[in-house]
$ cat query-v5.cif   # mmCIF, C-alpha atoms and all ligand atoms
data_query
#
loop_
_atom_site.group_PDB
_atom_site.id
_atom_site.type_symbol
_atom_site.label_atom_id
_atom_site.label_comp_id
_atom_site.auth_asym_id
_atom_site.auth_seq_id
_atom_site.Cartn_x
_atom_site.Cartn_y
_atom_site.Cartn_z
ATOM 1 C CA MET V 1 128.560 138.918 -95.646
ATOM 2 C CA ASN V 2 125.611 138.972 -93.259
ATOM 3 C CA PHE V 3 122.581 136.692 -93.464
ATOM 4 C CA LYS V 4 120.318 139.308 -95.054
ATOM 5 C CA ASP V 5 122.810 140.044 -97.818
ATOM 6 C CA LEU V 6 123.354 136.326 -98.305
ATOM 7 C CA GLN V 7 119.636 135.683 -98.726
ATOM 8 C CA THR V 8 119.248 138.616 -101.132
ATOM 9 C CA LYS V 9 122.162 137.437 -103.281
ATOM 10 C CA ASN V 10 120.940 133.860 -103.117
ATOM 11 C CA LYS V 11 117.481 134.934 -104.322
ATOM 12 C CA ALA V 12 118.849 136.646 -107.427
ATOM 13 C CA TRP V 13 121.231 133.755 -108.147
ATOM 14 C CA LEU V 14 118.466 131.200 -107.655
ATOM 15 C CA GLN V 15 116.040 133.043 -109.941
ATOM 16 C CA HIS V 16 118.681 133.217 -112.653
ATOM 17 C CA ASN V 17 120.022 129.662 -112.417
ATOM 18 C CA PHE V 18 117.186 127.570 -110.988
ATOM 19 C CA PRO V 19 113.952 129.509 -111.463
ATOM 20 C CA ASN V 20 111.815 126.394 -110.962
ATOM 21 C CA ASN V 21 113.631 125.145 -107.877
ATOM 22 C CA THR V 22 111.370 123.443 -105.355
ATOM 23 C CA PRO V 23 111.554 123.045 -101.570
ATOM 24 C CA GLU V 24 112.241 119.364 -102.158
ATOM 25 C CA GLN V 25 115.270 120.106 -104.340
ATOM 26 C CA ALA V 26 116.685 122.560 -101.837
ATOM 27 C CA ALA V 27 116.071 120.176 -98.934
ATOM 28 C CA LEU V 28 117.693 117.287 -100.812
ATOM 29 C CA GLY V 29 120.663 119.482 -101.697
ATOM 30 C CA LEU V 30 120.969 120.430 -98.049
ATOM 31 C CA ALA V 31 120.854 116.778 -96.997
ATOM 32 C CA GLU V 32 123.446 115.871 -99.622
ATOM 33 C CA GLU V 33 125.812 118.486 -98.238
ATOM 34 C CA VAL V 34 125.294 117.261 -94.668
ATOM 35 C CA GLY V 35 126.271 113.840 -95.994
ATOM 36 C CA GLU V 36 129.414 115.306 -97.563
ATOM 37 C CA LEU V 37 130.286 116.984 -94.267
ATOM 38 C CA CYS V 38 129.803 113.706 -92.395
ATOM 39 C CA HIS V 39 131.947 111.917 -94.974
ATOM 40 C CA ALA V 40 134.808 114.373 -94.454
ATOM 41 C CA ILE V 41 134.607 114.157 -90.657
ATOM 42 C CA LEU V 42 134.407 110.356 -90.771
ATOM 43 C CA LYS V 43 137.494 110.102 -92.974
ATOM 44 C CA ILE V 44 139.411 112.425 -90.656
ATOM 45 C CA SER V 45 138.401 110.197 -87.749
ATOM 46 C CA GLN V 46 139.381 107.034 -89.633
ATOM 47 C CA GLY V 47 142.573 108.547 -91.032
ATOM 48 C CA ILE V 48 141.914 107.235 -94.554
ATOM 49 C CA ARG V 49 141.131 108.435 -98.107
ATOM 50 C CA GLY V 50 143.390 111.468 -97.940
ATOM 51 C CA ASP V 51 145.073 113.663 -95.406
ATOM 52 C CA PHE V 52 143.631 116.001 -92.811
ATOM 53 C CA ASP V 53 143.992 119.103 -94.975
ATOM 54 C CA LEU V 54 142.019 117.528 -97.839
ATOM 55 C CA HIS V 55 139.157 116.509 -95.560
ATOM 56 C CA ILE V 56 139.108 119.860 -93.789
ATOM 57 C CA SER V 57 138.862 121.532 -97.176
ATOM 58 C CA GLU V 58 135.943 119.259 -98.079
ATOM 59 C CA ALA V 59 134.301 119.925 -94.706
ATOM 60 C CA LYS V 60 134.601 123.678 -95.192
ATOM 61 C CA ASP V 61 133.082 123.417 -98.664
ATOM 62 C CA ALA V 62 130.179 121.371 -97.294
ATOM 63 C CA ILE V 63 129.531 123.818 -94.444
ATOM 64 C CA GLY V 64 129.364 126.680 -96.922
ATOM 65 C CA ASP V 65 127.084 124.734 -99.233
ATOM 66 C CA ILE V 66 124.814 123.802 -96.309
ATOM 67 C CA THR V 67 124.369 127.494 -95.624
ATOM 68 C CA ILE V 68 123.663 128.229 -99.280
ATOM 69 C CA PHE V 69 121.078 125.450 -99.573
ATOM 70 C CA ALA V 70 119.420 126.536 -96.309
ATOM 71 C CA THR V 71 119.192 130.059 -97.672
ATOM 72 C CA SER V 72 117.798 128.729 -100.955
ATOM 73 C CA LEU V 73 115.160 126.780 -99.073
ATOM 74 C CA CYS V 74 114.181 129.918 -97.183
ATOM 75 C CA ASN V 75 113.896 131.890 -100.409
ATOM 76 C CA ILE V 76 111.756 129.235 -102.072
ATOM 77 C CA MET V 77 109.506 129.000 -99.012
ATOM 78 C CA LYS V 78 109.506 132.778 -98.445
ATOM 79 C CA LEU V 79 111.088 132.497 -94.993
ATOM 80 C CA ASP V 80 113.449 135.023 -93.424
ATOM 81 C CA TYR V 81 116.756 133.229 -92.825
ATOM 82 C CA ASN V 82 118.177 135.949 -90.579
ATOM 83 C CA GLU V 83 115.061 135.945 -88.421
ATOM 84 C CA ILE V 84 115.092 132.149 -88.123
ATOM 85 C CA VAL V 85 118.776 131.960 -87.205
ATOM 86 C CA THR V 86 118.474 134.866 -84.761
ATOM 87 C CA GLU V 87 115.463 133.360 -82.983
ATOM 88 C CA THR V 88 117.043 129.929 -82.838
ATOM 89 C CA ALA V 89 120.408 131.259 -81.660
ATOM 90 C CA ASN V 90 118.723 133.278 -78.910
ATOM 91 C CA GLN V 91 116.913 130.154 -77.708
ATOM 92 C CA VAL V 92 119.974 127.912 -77.865
ATOM 93 C CA PHE V 93 122.330 130.406 -76.228
ATOM 94 C CA SER V 94 119.879 131.034 -73.386
ATOM 95 C CA ARG V 95 120.297 127.430 -72.230
ATOM 96 C CA ASP V 96 122.886 126.536 -69.599
ATOM 97 C CA TRP V 97 123.484 122.796 -69.804
ATOM 98 C CA VAL V 98 126.199 122.934 -67.157
ATOM 99 C CA LYS V 99 123.953 124.546 -64.563
ATOM 100 C CA TYR V 100 120.697 122.894 -65.685
ATOM 101 C CA PRO V 101 121.593 119.532 -67.220
ATOM 102 C CA PHE V 102 117.972 118.304 -67.416
ATOM 103 C CA ASP V 103 116.354 120.996 -69.582
ATOM 104 C CA GLY V 104 118.960 123.736 -69.897
ATOM 105 C CA LYS V 105 116.677 126.268 -68.209
ATOM 106 C CA THR V 106 115.308 125.324 -64.815
ATOM 107 C CA ARG V 107 116.769 122.060 -63.603
HETATM 108 MG MG MG X 201 129.184 119.779 -102.036
#
$ encode --input "query-v5.cif" --output "structure tokens" --more "lines below"
Ligand SMILES: [Mg+2]
Amino acid sequence: MNFKDLQTKNKAWLQHNFPNNTPEQAALGLAEEVGELCHAILKISQGIRGDFDLHISEAKDAIGDITIFATSLCNIMKLDYNEIVTETANQVFSRDWVKYPFDGKTR
């Protein structure tokens, strides 16, 4: 699935299930999922509360949910997720931190 299809499907799903969803709810959901991802990575690092496979499964679920909540937030705020990710990726991938450790671009 590409980002445009994801946002289109998310919009229909959101309108059906959470028609009154707010930016705050989407942002809080996103933050909650980032917390779940951090929890999984922390427990892998600590080697507790389950094995590696369990925590990887939880991390994968959180990463997917982060993407869904980000797409929801874009739908609620009428932002183009694909455009945002493309612009950001182009900026990030244009930086060379090995060659230019100060600012990634010139020095
Ligand atoms: Mg979750």
$ closest_atom_pairs --input "query-v5.cif" --of "chain V" --to "ligand MG 201 (chain X)" --cutoff "7 Å" --atoms "all atoms listed in the file" --output "Markdown table"
| residue | atom | partner | partner_atom | distance |
| --- | --- | --- | --- | --- |
| V:Glu33 | CA | X:MG201 | MG | 5.2 |
| V:Glu36 | CA | X:MG201 | MG | 6.3 |
| V:Asp61 | CA | X:MG201 | MG | 6.3 |
| V:Ala62 | CA | X:MG201 | MG | 5.1 |
| V:Asp65 | CA | X:MG201 | MG | 6.1 |
$ closest_residue --input "query-v5.cif" --among "V:Trp97, V:Phe102, V:Phe52, V:Tyr81" --to "V:Asn10" --atoms "only C-alpha atoms"
V:Tyr81
$ closest_residue --input "query-v5.cif" --among "V:Val85, V:Glu58, V:Gln91, V:Asp103" --to "V:Thr71" --atoms "all atoms listed in the file"
V:Val85
$ residues_near_point --input "query-v5.cif" --point "(138.5, 111.4, -88.9)" --cutoff "12 Å" --atoms "all atoms listed in the file" --output "compact mmCIF listing (two decimals) with C-alpha atoms, keeping the file's coordinate frame"
# COMPACT_ATOMS: atom_id res chain seq x y z
CA LEU V 37 130.29 116.98 -94.27
CA CYS V 38 129.80 113.71 -92.40
CA HIS V 39 131.95 111.92 -94.97
CA ALA V 40 134.81 114.37 -94.45
CA ILE V 41 134.61 114.16 -90.66
CA LEU V 42 134.41 110.36 -90.77
CA LYS V 43 137.49 110.10 -92.97
CA ILE V 44 139.41 112.42 -90.66
CA SER V 45 138.40 110.20 -87.75
CA GLN V 46 139.38 107.03 -89.63
CA GLY V 47 142.57 108.55 -91.03
CA ILE V 48 141.91 107.24 -94.55
CA ARG V 49 141.13 108.44 -98.11
CA GLY V 50 143.39 111.47 -97.94
CA ASP V 51 145.07 113.66 -95.41
CA PHE V 52 143.63 116.00 -92.81
CA ASP V 53 143.99 119.10 -94.98
CA LEU V 54 142.02 117.53 -97.84
CA HIS V 55 139.16 116.51 -95.56
CA ILE V 56 139.11 119.86 -93.79
CA ALA V 59 134.30 119.92 -94.71
$ residues_near_point --input "query-v5.cif" --point "(112.6, 124.6, -105.2)" --cutoff "9 Å" --atoms "all atoms listed in the file" --output "list in words"
Phe18, Pro19, Asn20, Asn21, Thr22, Pro23, Glu24, Gln25, Ala26, Ala27, Ser72, Leu73, Asn75, Ile76 and Met77 of chain V
$ atom_distance --input "query-v5.cif" --atom1 "atom CA of V:Leu6" --atom2 "atom CA of V:Leu30"
16.1 Å
$ residues_around --input "query-v5.cif" --residues "V:Arg95" --least-positions-apart "6" --cutoff "10 Å" --atoms "all atoms listed in the file" --output "list of chain:residue names"
V:Pro101, V:Asp103, V:Gly104, V:Lys105, V:Thr106
$ atom_distance --input "query-v5.cif" --atom1 "atom CA of V:Phe3" --atom2 "atom CA of V:Glu83"
9.1 Å
$ atom_distance --input "query-v5.cif" --atom1 "atom CA of V:Ser94" --atom2 "atom CA of V:Thr8"
28.8 Å
